[in-house]
file final29.cif (mmCIF, C-alpha atoms)
data_coords
loop_
_atom_site.label_atom_id
_atom_site.label_comp_id
_atom_site.auth_asym_id
_atom_site.auth_seq_id
_atom_site.Cartn_x
_atom_site.Cartn_y
_atom_site.Cartn_z
CA MET A 273 84.00 142.95 120.14
CA ILE A 274 86.73 145.50 120.83
CA MET A 275 90.26 144.29 121.32
CA LYS A 276 93.43 146.11 122.29
CA LEU A 277 96.72 145.92 120.45
CA GLU A 278 100.16 147.37 121.15
CA ASN A 279 100.71 148.09 117.48
CA GLU A 280 99.52 146.87 114.12
CA ASN A 281 102.13 144.12 113.84
CA ASP A 282 100.55 142.35 116.80
CA LEU A 283 97.95 141.29 114.28
CA ASP A 284 100.45 138.64 113.20
CA ASN A 285 99.31 136.69 116.25
CA PHE A 286 95.88 136.34 114.73
CA ILE A 287 94.64 134.26 111.86
CA ILE A 288 91.39 134.28 109.92
CA CYS A 289 90.04 130.91 108.79
CA HIS A 290 90.34 130.44 105.05
CA LYS A 291 87.00 128.76 104.75
CA CYS A 292 84.58 130.47 107.14
CA PHE A 293 86.34 133.75 108.06
CA THR A 294 86.35 133.21 111.81
CA LEU A 295 89.03 135.10 113.72
CA HIS A 296 91.42 133.06 115.84
CA GLU A 297 94.33 133.90 118.08
CA GLU A 298 97.42 131.94 117.31
CA VAL A 299 98.67 129.69 120.08
CA ALA A 300 101.87 127.70 120.36
CA ILE A 301 101.28 124.06 119.48
CA ALA A 302 103.41 120.93 119.77
CA ASP A 303 105.89 120.03 117.03
CA GLY A 304 104.17 118.12 114.23
CA SER A 305 100.62 118.96 115.29
CA LYS A 306 98.07 121.23 113.66
CA ALA A 307 95.55 123.85 114.72
CA CYS A 308 92.02 123.67 113.36
CA CYS A 309 89.24 126.22 113.09
CA ARG A 310 86.83 125.90 116.00
CA LYS A 311 83.84 126.62 113.79
CA CYS A 312 84.40 124.60 110.62
CA GLY A 313 87.37 122.36 111.42
CA TYR A 314 89.50 123.65 108.54
CA ILE A 315 93.25 123.49 109.23
CA LEU A 316 94.53 126.92 110.21
CA TYR A 317 98.22 126.24 110.57
CA ARG A 318 100.71 123.58 111.53
CA TYR A 319 103.90 123.67 113.44
CA ASP A 320 106.79 121.69 112.11
CA SER A 321 110.31 122.53 113.20
CA LYS A 322 111.77 120.86 110.08
CA LEU A 323 109.46 122.57 107.59
CA ILE A 324 112.35 124.13 105.64
CA ASP A 325 114.16 120.83 105.14
CA TYR A 326 111.00 118.94 104.27
CA GLY A 327 109.91 121.66 101.89
CA LEU A 328 113.27 121.74 100.16
CA ALA A 329 113.47 117.96 99.84
CA LEU A 330 109.94 117.66 98.50
CA SER A 331 110.38 120.48 96.00
CA PHE A 332 113.57 118.98 94.61
CA THR A 333 112.00 115.52 94.33
CA GLY A 334 108.98 117.01 92.60
CA LEU A 335 111.15 118.94 90.16
CA ILE A 336 113.13 115.82 89.22
CA PHE A 337 109.93 113.87 88.57
CA PHE A 338 108.54 116.78 86.56
CA ILE A 339 111.62 116.76 84.32
CA ILE A 340 111.35 112.98 83.84
CA ALA A 341 107.63 113.33 83.09
CA ASN A 342 108.38 115.77 80.27
CA PHE A 343 111.07 113.76 78.50
CA PHE A 344 109.46 110.36 78.18
CA PRO A 345 106.25 109.20 76.55
CA VAL A 346 103.09 109.28 78.65
CA LEU A 347 101.09 106.84 76.54
CA LYS A 348 101.87 104.63 73.57
CA ILE A 349 99.26 103.09 71.33
CA ASP A 350 99.39 100.53 68.51
CA ILE A 351 96.85 101.40 65.86
CA LEU A 352 96.77 99.47 62.59
CA GLY A 353 100.34 98.34 63.06
CA SER A 354 101.85 101.75 63.63
CA GLU A 355 102.94 102.91 67.04
CA GLN A 356 102.01 106.39 68.20
CA PHE A 357 103.10 108.02 71.44
CA ILE A 358 102.67 111.32 73.24
CA THR A 359 104.79 113.27 75.67
CA ILE A 360 103.46 116.25 77.63
CA PRO A 361 105.21 118.87 75.41
CA LYS A 362 104.00 117.04 72.30
CA THR A 363 100.39 117.22 73.50
CA ILE A 364 100.69 120.98 73.84
CA PHE A 365 102.55 121.47 70.53
CA SER A 366 100.05 119.43 68.57
CA LEU A 367 97.34 121.87 69.67
CA PHE A 368 99.39 124.73 68.20
CA GLU A 369 100.00 122.74 65.02
CA ASN A 370 96.25 122.30 64.61
CA GLN A 371 95.66 126.05 65.02
CA PHE A 372 94.12 125.73 68.46
CA TYR A 373 96.18 128.62 69.80
CA ILE A 374 93.93 129.60 72.72
CA VAL A 375 93.54 126.06 74.02
CA GLY A 376 97.25 125.54 73.39
CA LEU A 377 98.21 128.61 75.41
CA ILE A 378 95.86 127.67 78.23
CA CYS A 379 97.31 124.15 78.36
CA LEU A 380 100.89 125.45 78.11
CA PHE A 381 100.40 127.67 81.15
CA PHE A 382 98.15 125.44 83.24
CA ILE A 383 99.95 122.13 82.86
CA PHE A 384 103.53 123.15 82.13
CA ILE A 385 104.63 126.67 83.09
CA PHE A 386 102.68 127.14 86.33
CA PRO A 387 103.46 123.72 87.88
CA LEU A 388 107.14 124.20 86.98
CA MET A 389 107.17 127.74 88.39
CA ILE A 390 105.59 126.62 91.66
CA PHE A 391 108.34 124.09 92.24
CA LEU A 392 111.16 126.43 91.22
CA ILE A 393 109.79 129.20 93.46
CA ASN A 394 109.38 126.77 96.36
CA ILE A 395 112.99 125.67 95.96
CA MET A 396 114.15 129.30 95.91
CA ILE A 397 112.09 130.32 98.95
CA PHE A 398 113.12 127.35 101.05
CA SER A 399 116.80 127.64 100.14
CA MET A 400 116.73 131.32 101.05
CA LEU A 401 115.09 130.58 104.37
CA LYS A 402 117.71 127.91 104.93
CA LEU A 403 120.50 130.39 104.18
CA GLN A 404 118.69 133.09 106.22
CA ARG A 405 118.84 135.80 103.60
CA GLY A 406 116.77 137.44 100.86
CA THR A 407 114.14 139.23 102.97
CA LYS A 408 112.87 141.19 99.97
CA LEU A 409 113.10 138.45 97.34
CA THR A 410 111.22 135.90 99.46
CA LYS A 411 108.43 138.44 99.81
CA GLU A 412 108.17 138.96 96.04
CA LEU A 413 108.34 135.21 95.41
CA LEU A 414 105.63 134.47 97.98
CA ILE A 415 103.35 137.02 96.32
CA ILE A 416 103.91 135.48 92.87
CA LEU A 417 103.39 132.03 94.34
CA SER A 418 99.99 132.84 95.79
CA HIS A 419 98.93 134.30 92.44
CA ILE A 420 99.82 131.20 90.41
CA ILE A 421 98.83 128.37 92.78
CA PRO A 422 95.11 128.47 91.84
CA TRP A 423 96.05 128.18 88.15
CA SER A 424 98.21 125.08 88.35
CA MET A 425 96.32 122.08 86.99
CA ALA A 426 98.80 119.19 86.85
CA ASP A 427 96.48 117.04 89.00
CA ILE A 428 93.53 117.66 86.69
CA PHE A 429 95.70 116.79 83.69
CA PHE A 430 96.60 113.48 85.33
CA ILE A 431 92.94 112.58 85.82
CA SER A 432 92.36 113.57 82.17
CA ILE A 433 94.97 111.00 81.12
CA LEU A 434 93.01 108.33 82.99
CA VAL A 435 89.79 109.39 81.26
CA ALA A 436 91.56 109.41 77.89
CA LEU A 437 92.84 105.87 78.59
CA VAL A 438 89.28 104.57 78.88
CA LYS A 439 88.24 106.36 75.69
CA LEU A 440 91.24 104.86 73.85
CA ILE A 441 90.51 101.21 74.66
CA SER A 442 88.54 100.67 71.44
CA PHE A 443 91.36 102.06 69.25
CA GLY A 444 94.11 99.55 69.90
CA GLN A 445 96.72 98.19 72.26
CA ILE A 446 97.71 100.83 74.83
CA HIS A 447 101.02 100.93 76.70
CA ILE A 448 101.60 103.19 79.67
CA GLY A 449 104.90 105.05 79.49
CA ILE A 450 107.48 106.07 82.10
CA SER A 451 106.13 109.62 82.18
CA PHE A 452 102.76 108.41 83.35
CA TRP A 453 104.27 107.10 86.59
CA ALA A 454 106.60 110.09 86.94
CA LEU A 455 103.64 112.42 86.50
CA MET A 456 101.69 110.47 89.09
CA VAL A 457 104.47 110.90 91.65
CA PHE A 458 104.79 114.58 90.70
CA VAL A 459 101.05 115.15 91.16
CA LEU A 460 101.08 113.41 94.55
CA ILE A 461 103.98 115.59 95.72
CA ASP A 462 102.26 118.66 94.27
CA ILE A 463 99.03 117.89 96.14
CA TYR A 464 100.97 117.14 99.33
CA ILE A 465 102.82 120.47 99.15
CA THR A 466 99.80 122.63 98.30
CA LYS A 467 97.61 120.96 100.92
CA ASN A 468 100.16 120.68 103.69
CA ILE A 469 102.32 123.77 103.40
CA HIS A 470 100.00 126.75 103.46
CA ILE A 471 101.42 129.99 102.18
CA SER A 472 100.58 131.66 105.50
CA GLU A 473 102.85 129.12 107.22
CA ILE A 474 105.74 130.16 104.96
CA TRP A 475 105.02 133.82 105.77
CA MET A 476 105.10 132.99 109.48
CA LEU A 477 108.34 131.07 109.00
CA ARG A 478 109.81 133.95 107.03
CA LYS A 479 109.01 136.34 109.87
CA LYS A 480 110.60 134.01 112.39
CA VAL A 481 113.73 133.26 110.35
CA LEU A 482 114.45 136.47 108.45
CA LEU A 483 112.82 139.40 110.20
CA SER A 484 113.83 138.49 113.74
CA LYS A 485 117.42 138.24 112.54
CA ASP A 486 117.27 141.78 111.11
CA LYS A 487 116.38 143.20 114.52
CA ASP A 488 119.37 141.65 116.30
CA MET B 109 97.97 151.26 122.04
CA ILE B 110 95.21 150.94 119.48
CA GLU B 111 91.75 149.63 119.86
CA VAL B 112 90.16 147.67 117.05
CA ASP B 113 86.72 146.24 116.56
CA GLU B 114 87.06 142.54 115.75
CA SER B 115 84.65 142.85 112.84
CA LYS B 116 87.02 145.44 111.31
CA LEU B 117 89.71 142.85 110.74
CA ILE B 118 90.13 141.54 107.22
CA ARG B 119 92.28 138.91 105.60
CA CYS B 120 94.69 139.78 102.84
CA PRO B 121 93.66 137.69 99.80
CA ILE B 122 97.30 137.25 98.74
CA CYS B 123 99.22 136.38 101.89
CA ASP B 124 96.45 135.68 104.45
CA ALA B 125 97.78 138.25 106.92
CA VAL B 126 95.23 139.84 109.26
CA ASN B 127 94.80 143.55 108.55
CA ILE B 128 92.74 146.40 109.95
CA ASP B 129 90.11 147.60 107.51
CA LYS B 130 90.81 151.28 106.84
CA GLY B 131 88.23 151.91 104.19
CA LYS B 132 89.04 152.33 100.52
CA LYS B 133 92.82 152.50 100.44
CA ASN B 134 93.89 149.30 102.10
CA ARG B 135 97.35 147.91 101.61
CA CYS B 136 98.43 144.72 103.26
CA ARG B 137 101.00 145.50 105.96
CA ARG B 138 102.93 142.29 105.17
CA CYS B 139 102.96 141.84 101.39
CA ASP B 140 101.93 145.35 100.36
CA SER B 141 99.27 144.10 97.93
CA ALA B 142 96.26 146.31 97.49
CA ILE B 143 93.50 144.61 99.40
CA TYR B 144 90.41 146.28 98.10
CA HIS B 145 91.14 149.51 96.35
CA HIS B 146 91.87 147.85 93.01
CA ARG B 147 88.49 146.26 93.52
CA ASN B 148 86.74 149.61 93.68
CA PHE B 149 84.46 148.34 91.00
CA SER B 150 83.47 145.72 93.57
CA THR B 151 81.23 143.49 91.53
CA GLU B 152 81.48 144.96 88.01
CA LYS B 153 84.67 143.10 87.12
CA SER B 154 83.29 139.81 88.33
CA TRP B 155 80.02 140.42 86.44
CA ALA B 156 81.93 141.12 83.22
CA TYR B 157 83.97 137.93 83.47
CA LEU B 158 80.93 135.88 84.39
CA ILE B 159 78.87 137.14 81.45
CA THR B 160 81.77 136.44 79.05
CA ALA B 161 82.01 132.93 80.45
CA MET B 162 78.29 132.35 80.05
CA ILE B 163 78.32 133.58 76.45
CA ALA B 164 81.28 131.34 75.62
CA TYR B 165 79.46 128.39 77.18
CA ILE B 166 76.76 128.53 74.48
CA PRO B 167 78.98 127.73 71.45
CA ALA B 168 80.82 125.25 73.67
CA ASN B 169 77.66 123.20 73.77
CA LEU B 170 76.51 123.74 70.20
CA TYR B 171 79.71 123.05 68.24
CA PRO B 172 81.47 119.69 68.15
CA MET B 173 84.04 119.05 70.86
CA LEU B 174 85.63 116.06 69.17
CA VAL B 175 85.86 115.27 65.46
CA SER B 176 86.92 111.78 64.50
CA ASN B 177 87.85 110.63 61.02
CA ALA B 178 87.93 106.86 60.65
CA PHE B 179 88.42 105.46 57.13
CA GLY B 180 86.72 108.42 55.52
CA ILE B 181 83.76 108.45 57.89
CA ARG B 182 83.58 111.75 59.70
CA ASP B 183 81.99 111.74 63.11
CA GLU B 184 81.40 114.84 65.19
CA SER B 185 80.30 114.80 68.79
CA THR B 186 79.34 117.66 71.08
CA ILE B 187 79.97 117.61 74.84
CA ILE B 188 76.59 116.05 75.61
CA GLY B 189 76.90 113.74 72.58
CA GLY B 190 80.24 112.48 73.92
CA VAL B 191 78.68 111.74 77.30
CA VAL B 192 75.78 109.85 75.66
CA ILE B 193 78.17 107.78 73.52
CA LEU B 194 80.27 106.85 76.57
CA TRP B 195 77.11 105.92 78.46
CA GLU B 196 75.87 103.70 75.64
CA HIS B 197 79.25 101.97 75.45
CA GLY B 198 78.89 101.08 79.10
CA SER B 199 81.68 103.20 80.58
CA TYR B 200 79.36 104.71 83.18
CA PRO B 201 81.98 106.12 85.58
CA ILE B 202 83.77 108.01 82.80
CA ALA B 203 80.46 109.26 81.38
CA ALA B 204 79.55 110.46 84.86
CA ILE B 205 82.94 112.20 85.33
CA ILE B 206 82.65 114.03 82.01
CA PHE B 207 79.01 114.90 82.69
CA PHE B 208 79.91 116.37 86.07
CA ALA B 209 83.04 118.15 84.86
CA SER B 210 81.62 119.71 81.70
CA ILE B 211 77.96 120.27 82.48
CA ILE B 212 77.12 120.16 86.19
CA ILE B 213 80.19 122.05 87.47
CA PRO B 214 80.09 124.98 84.98
CA VAL B 215 76.33 125.45 85.31
CA MET B 216 76.52 125.18 89.09
CA LYS B 217 79.34 127.73 89.12
CA PHE B 218 77.35 130.15 86.96
CA LEU B 219 74.34 129.84 89.27
CA ILE B 220 76.34 130.19 92.49
CA LEU B 221 78.26 133.21 91.22
CA LEU B 222 75.06 134.81 89.91
CA TYR B 223 73.43 134.22 93.28
CA LEU B 224 76.41 135.62 95.18
CA LEU B 225 76.72 138.66 92.90
CA ILE B 226 73.02 139.46 93.14
CA SER B 227 72.80 138.75 96.85
CA VAL B 228 75.60 141.17 97.78
CA LYS B 229 73.77 144.01 96.01
CA TYR B 230 70.17 143.19 96.81
CA PRO B 231 68.78 141.71 100.01
CA LEU B 232 68.19 138.35 98.45
CA GLY B 233 68.27 135.34 100.73
CA LYS B 234 69.40 137.43 103.66
CA ASP B 235 67.35 135.61 106.26
CA LYS B 236 68.02 132.18 104.88
CA LYS B 237 70.77 130.24 106.52
CA VAL B 238 72.84 129.79 103.40
CA ASN B 239 76.53 129.85 104.17
CA LYS B 240 77.78 132.02 101.34
CA HIS B 241 81.41 131.66 102.33
CA LYS B 242 81.02 127.92 101.99
CA LEU B 243 79.31 128.28 98.60
CA TYR B 244 82.16 130.47 97.39
CA TYR B 245 84.74 128.06 98.76
CA VAL B 246 83.07 125.17 96.91
CA THR B 247 83.14 127.03 93.58
CA GLU B 248 86.80 127.83 94.12
CA VAL B 249 87.71 124.20 94.77
CA VAL B 250 85.65 122.42 92.08
CA GLY B 251 85.97 125.12 89.41
CA PRO B 252 89.22 124.06 87.69
CA TRP B 253 88.02 120.47 87.37
CA SER B 254 85.84 121.38 84.41
CA MET B 255 89.07 121.59 82.38
CA ILE B 256 89.14 117.75 82.27
CA ASP B 257 87.28 117.55 78.97
CA VAL B 258 89.61 120.03 77.25
CA PHE B 259 92.69 118.11 78.40
CA VAL B 260 91.17 114.79 77.30
CA VAL B 261 90.49 116.18 73.84
CA ALA B 262 94.06 117.54 73.67
CA ILE B 263 95.49 114.13 74.60
CA LEU B 264 93.30 112.22 72.12
CA ALA B 265 94.03 114.67 69.30
CA ALA B 266 97.78 114.49 69.93
CA LEU B 267 97.85 110.71 70.17
CA ILE B 268 95.66 109.63 67.27
CA HIS B 269 96.47 111.20 63.96
CA LEU B 270 97.09 108.67 61.25
CA SER B 271 95.99 109.17 57.69
CA SER B 272 93.20 106.60 58.08
CA VAL B 273 92.20 107.16 61.70
CA GLU B 274 92.32 110.65 63.09
CA ILE B 275 90.91 112.58 66.03
CA LEU B 276 90.75 116.37 65.94
CA ALA B 277 89.68 118.90 68.52
CA GLY B 278 86.51 120.79 67.61
CA THR B 279 85.54 124.45 67.83
CA ALA B 280 83.86 123.80 71.15
CA ALA B 281 87.22 123.02 72.76
CA THR B 282 88.28 126.66 72.34
CA ALA B 283 84.90 128.00 73.46
CA PHE B 284 84.83 125.71 76.46
CA ALA B 285 88.40 126.54 77.50
CA ILE B 286 87.58 130.27 77.29
CA SER B 287 84.41 129.73 79.30
CA VAL B 288 86.24 127.89 82.09
CA PHE B 289 89.05 130.45 82.09
CA PHE B 290 86.61 133.33 82.53
CA THR B 291 84.58 131.60 85.25
CA LEU B 292 87.84 131.12 87.16
CA LEU B 293 88.65 134.81 86.68
CA ALA B 294 85.13 135.78 87.80
CA ALA B 295 85.49 133.72 90.95
CA HIS B 296 88.88 135.25 91.73
CA ALA B 297 87.65 138.78 91.06
CA PHE B 298 84.73 138.33 93.41
CA ASP B 299 85.36 140.22 96.61
CA GLU B 300 84.72 137.92 99.54
CA ARG B 301 84.42 140.84 101.92
CA LEU B 302 81.13 141.80 100.26
CA ILE B 303 79.62 138.60 101.62
CA LYS B 304 80.59 139.57 105.14
CA GLU B 305 79.16 143.07 104.78
CA ASN B 306 75.82 141.85 103.54
CA ARG B 307 75.28 139.02 105.92
#
call {"tool": "encode", "arguments": {"input": "final29.cif", "output": "structure tokens"}}
result
Amino acid sequence: MIMKLENENDLDNFIICHKCFTLHEEVAIADGSKACCRKCGYILYRYDSKLIDYGLALSFTGLIFFIIANFFPVLKIDILGSEQFITIPKTIFSLFENQFYIVGLICLFFIFIFPLMIFLINIMIFSMLKLQRGTKLTKELLIILSHIIPWSMADIFFISILVALVKLISFGQIHIGISFWALMVFVLIDIYITKNIHISEIWMLRKKVLLSKDKD
Amino acid sequence: MIEVDESKLIRCPICDAVNIDKGKKNRCRRCDSAIYHHRNFSTEKSWAYLITAMIAYIPANLYPMLVSNAFGIRDESTIIGGVVILWEHGSYPIAAIIFFASIIIPVMKFLILLYLLISVKYPLGKDKKVNKHKLYYVTEVVGPWSMIDVFVVAILAALIHLSSVEILAGTAATAFAISVFFTLLAAHAFDERLIKENR
């Protein structure tokens, strides 16, 4: 099918479904509602007039819980009268201590650096959109963000803790630490952000907030 | 005024912007990332990663994943061994999770990627109504979950190390982590546009 465009930037009014690659034209939708793909039902985009504030609030909350999760023990266990505990950094360091450098590096990036970076970058992007500046920096940050999102595995690590709990039952009395709950909240916020705020929505928002201002 | 064929529109893999396909030297008009020209090798890169992953998967299954030392008795268990032990102890859900995460998902990913890589070059399964985009999407979503076993081993090894009772990670942990890492790379390097072209 042939279609006519005024110029290339008119393509911003179109969106290709992430899942099935069907082309859609973007239409204005009511505040708080979402647009779905007509072929596979996958969510294309949402419209939320308070996206910046929500994004900022969620990113800050997530960051605080991430910091708490890293300072307190995740699990404690009583074996043969002695109490052992782990924190997230300790889990990673003990891999290095046991010469498992590759696994250690993979864990360090996947469960510590990338999740942290995602939240810091989100905070930076949303604060810049709030302040209506940083056209270039938001672009760079958004590109980095889309590169690291697939590599963040905090949610998988949380499920691993649950699996480890079951395996540990035969060893002794287990106590769940503060970090476990903090990590759970962090993972829920992380899932909420990655599932609900698509990167393409932030790009659209950036165009609306920053680029339209430049023209005036 | 420009006229574009709808089938000539492509999605930038980085920022999702819609772009016009201009052949080999595409740059996204919004984020300026190269869309396909760094993927000139089209499938070679993905093949290389996939083969590395498959090679690493062999030692991952042969060497012990978990080594436990309890009062001088050394016990080594491979990935499958660990699943069998969990099953015998009656923790069926956990055995099933580990079985899915460490055996079904990686093997399924290898097969799907092999199928996709072969089918974009040769007319394999062209008439069949297999939705390749969906297959690719599934591998992208479930792929990282095979890391569960590596994380579990890391947690156990960090938590239990007394002089009398000790758990250590085995060689397979490294091999398995490498295998998962390279399957993820292979999936990311795979050019989704090739599916569209060969449909």
call {"tool": "closest_residue", "arguments": {"input": "final29.cif", "among": "A:Leu440, A:Leu328, A:Cys309, A:Ile395", "to": "chain B", "atoms": "only C-alpha atoms"}}
result
A:Leu440
call {"tool": "residues_near_point", "arguments": {"input": "final29.cif", "point": "(103.7, 127.2, 106.2)", "cutoff": "12 Å", "atoms": "all atoms listed in the file", "output": "MDAnalysis selection string"}}
result
(chainID A and resid 306 315:324 326:327 394 397:398 414 465:480) or (chainID B and resid 123:124)
call {"tool": "closest_residue", "arguments": {"input": "final29.cif", "among": "A:Ala307, A:Ala436, A:Ile340, A:Leu409", "to": "chain B", "atoms": "only C-alpha atoms"}}
result
A:Ala436
call {"tool": "interface_residues", "arguments": {"input": "final29.cif", "of": "chain B", "to": "chain A", "cutoff": "8 Å", "atoms": "all atoms listed in the file", "output": "PDB file with C-alpha atoms, in the frame of the given file"}}
result
ATOM      1  CA  MET B 109      97.970 151.260 122.040  1.00  0.00           C
ATOM      2  CA  ILE B 110      95.210 150.940 119.480  1.00  0.00           C
ATOM      3  CA  GLU B 111      91.750 149.630 119.860  1.00  0.00           C
ATOM      4  CA  VAL B 112      90.160 147.670 117.050  1.00  0.00           C
ATOM      5  CA  ASP B 113      86.720 146.240 116.560  1.00  0.00           C
ATOM      6  CA  GLU B 114      87.060 142.540 115.750  1.00  0.00           C
ATOM      7  CA  SER B 115      84.650 142.850 112.840  1.00  0.00           C
ATOM      8  CA  ILE B 118      90.130 141.540 107.220  1.00  0.00           C
ATOM      9  CA  ARG B 119      92.280 138.910 105.600  1.00  0.00           C
ATOM     10  CA  ILE B 122      97.300 137.250  98.740  1.00  0.00           C
ATOM     11  CA  CYS B 123      99.220 136.380 101.890  1.00  0.00           C
ATOM     12  CA  ASP B 124      96.450 135.680 104.450  1.00  0.00           C
ATOM     13  CA  ALA B 125      97.780 138.250 106.920  1.00  0.00           C
ATOM     14  CA  VAL B 126      95.230 139.840 109.260  1.00  0.00           C
ATOM     15  CA  ASN B 127      94.800 143.550 108.550  1.00  0.00           C
ATOM     16  CA  ILE B 128      92.740 146.400 109.950  1.00  0.00           C
ATOM     17  CA  CYS B 139     102.960 141.840 101.390  1.00  0.00           C
ATOM     18  CA  SER B 199      81.680 103.200  80.580  1.00  0.00           C
ATOM     19  CA  ILE B 202      83.770 108.010  82.800  1.00  0.00           C
ATOM     20  CA  HIS B 241      81.410 131.660 102.330  1.00  0.00           C
ATOM     21  CA  LYS B 242      81.020 127.920 101.990  1.00  0.00           C
ATOM     22  CA  TYR B 245      84.740 128.060  98.760  1.00  0.00           C
ATOM     23  CA  PRO B 252      89.220 124.060  87.690  1.00  0.00           C
ATOM     24  CA  TRP B 253      88.020 120.470  87.370  1.00  0.00           C
ATOM     25  CA  MET B 255      89.070 121.590  82.380  1.00  0.00           C
ATOM     26  CA  ILE B 256      89.140 117.750  82.270  1.00  0.00           C
ATOM     27  CA  ASP B 257      87.280 117.550  78.970  1.00  0.00           C
ATOM     28  CA  VAL B 258      89.610 120.030  77.250  1.00  0.00           C
ATOM     29  CA  PHE B 259      92.690 118.110  78.400  1.00  0.00           C
ATOM     30  CA  VAL B 260      91.170 114.790  77.300  1.00  0.00           C
ATOM     31  CA  VAL B 261      90.490 116.180  73.840  1.00  0.00           C
ATOM     32  CA  ALA B 262      94.060 117.540  73.670  1.00  0.00           C
ATOM     33  CA  ILE B 263      95.490 114.130  74.600  1.00  0.00           C
ATOM     34  CA  LEU B 264      93.300 112.220  72.120  1.00  0.00           C
ATOM     35  CA  ALA B 265      94.030 114.670  69.300  1.00  0.00           C
ATOM     36  CA  ALA B 266      97.780 114.490  69.930  1.00  0.00           C
ATOM     37  CA  LEU B 267      97.850 110.710  70.170  1.00  0.00           C
ATOM     38  CA  ILE B 268      95.660 109.630  67.270  1.00  0.00           C
ATOM     39  CA  ALA B 281      87.220 123.020  72.760  1.00  0.00           C
ATOM     40  CA  THR B 282      88.280 126.660  72.340  1.00  0.00           C
ATOM     41  CA  ALA B 285      88.400 126.540  77.500  1.00  0.00           C
ATOM     42  CA  ILE B 286      87.580 130.270  77.290  1.00  0.00           C
TER      43      ILE B 286
END
call {"tool": "resolve_selection", "arguments": {"input": "final29.cif", "expression": "the PyMOL selection byres ((chain B and resi 244) around 12)", "output": "PyMOL selection string"}}
result
(chain A and resi 290-293) or (chain B and resi 216-225+238-243+245-251+292+294-303)
call {"tool": "atom_distance", "arguments": {"input": "final29.cif", "atom1": "CA of Ile166 (chain B)", "atom2": "CA of Val192 (chain B)"}}
result
18.7 Å
call {"tool": "resolve_selection", "arguments": {"input": "final29.cif", "expression": "the PyMOL selection byres ((chain B and resi 172) around 10)", "output": "PyMOL selection string"}}
result
chain B and resi 167-171+173-175+183-190+277-281
call {"tool": "atom_distance", "arguments": {"input": "final29.cif", "atom1": "CA of Ile450 (chain A)", "atom2": "CA of Gly334 (chain A)"}}
result
15.2 Å
call {"tool": "atom_distance", "arguments": {"input": "final29.cif", "atom1": "CA of Gln404 (chain A)", "atom2": "CA of Glu297 (chain A)"}}
result
27.1 Å
call {"tool": "residues_around", "arguments": {"input": "final29.cif", "residues": "Leu455 (chain A)", "least_positions_apart": "6", "cutoff": "8 Å", "atoms": "only C-alpha atoms", "output": "count of residues only"}}
result
4
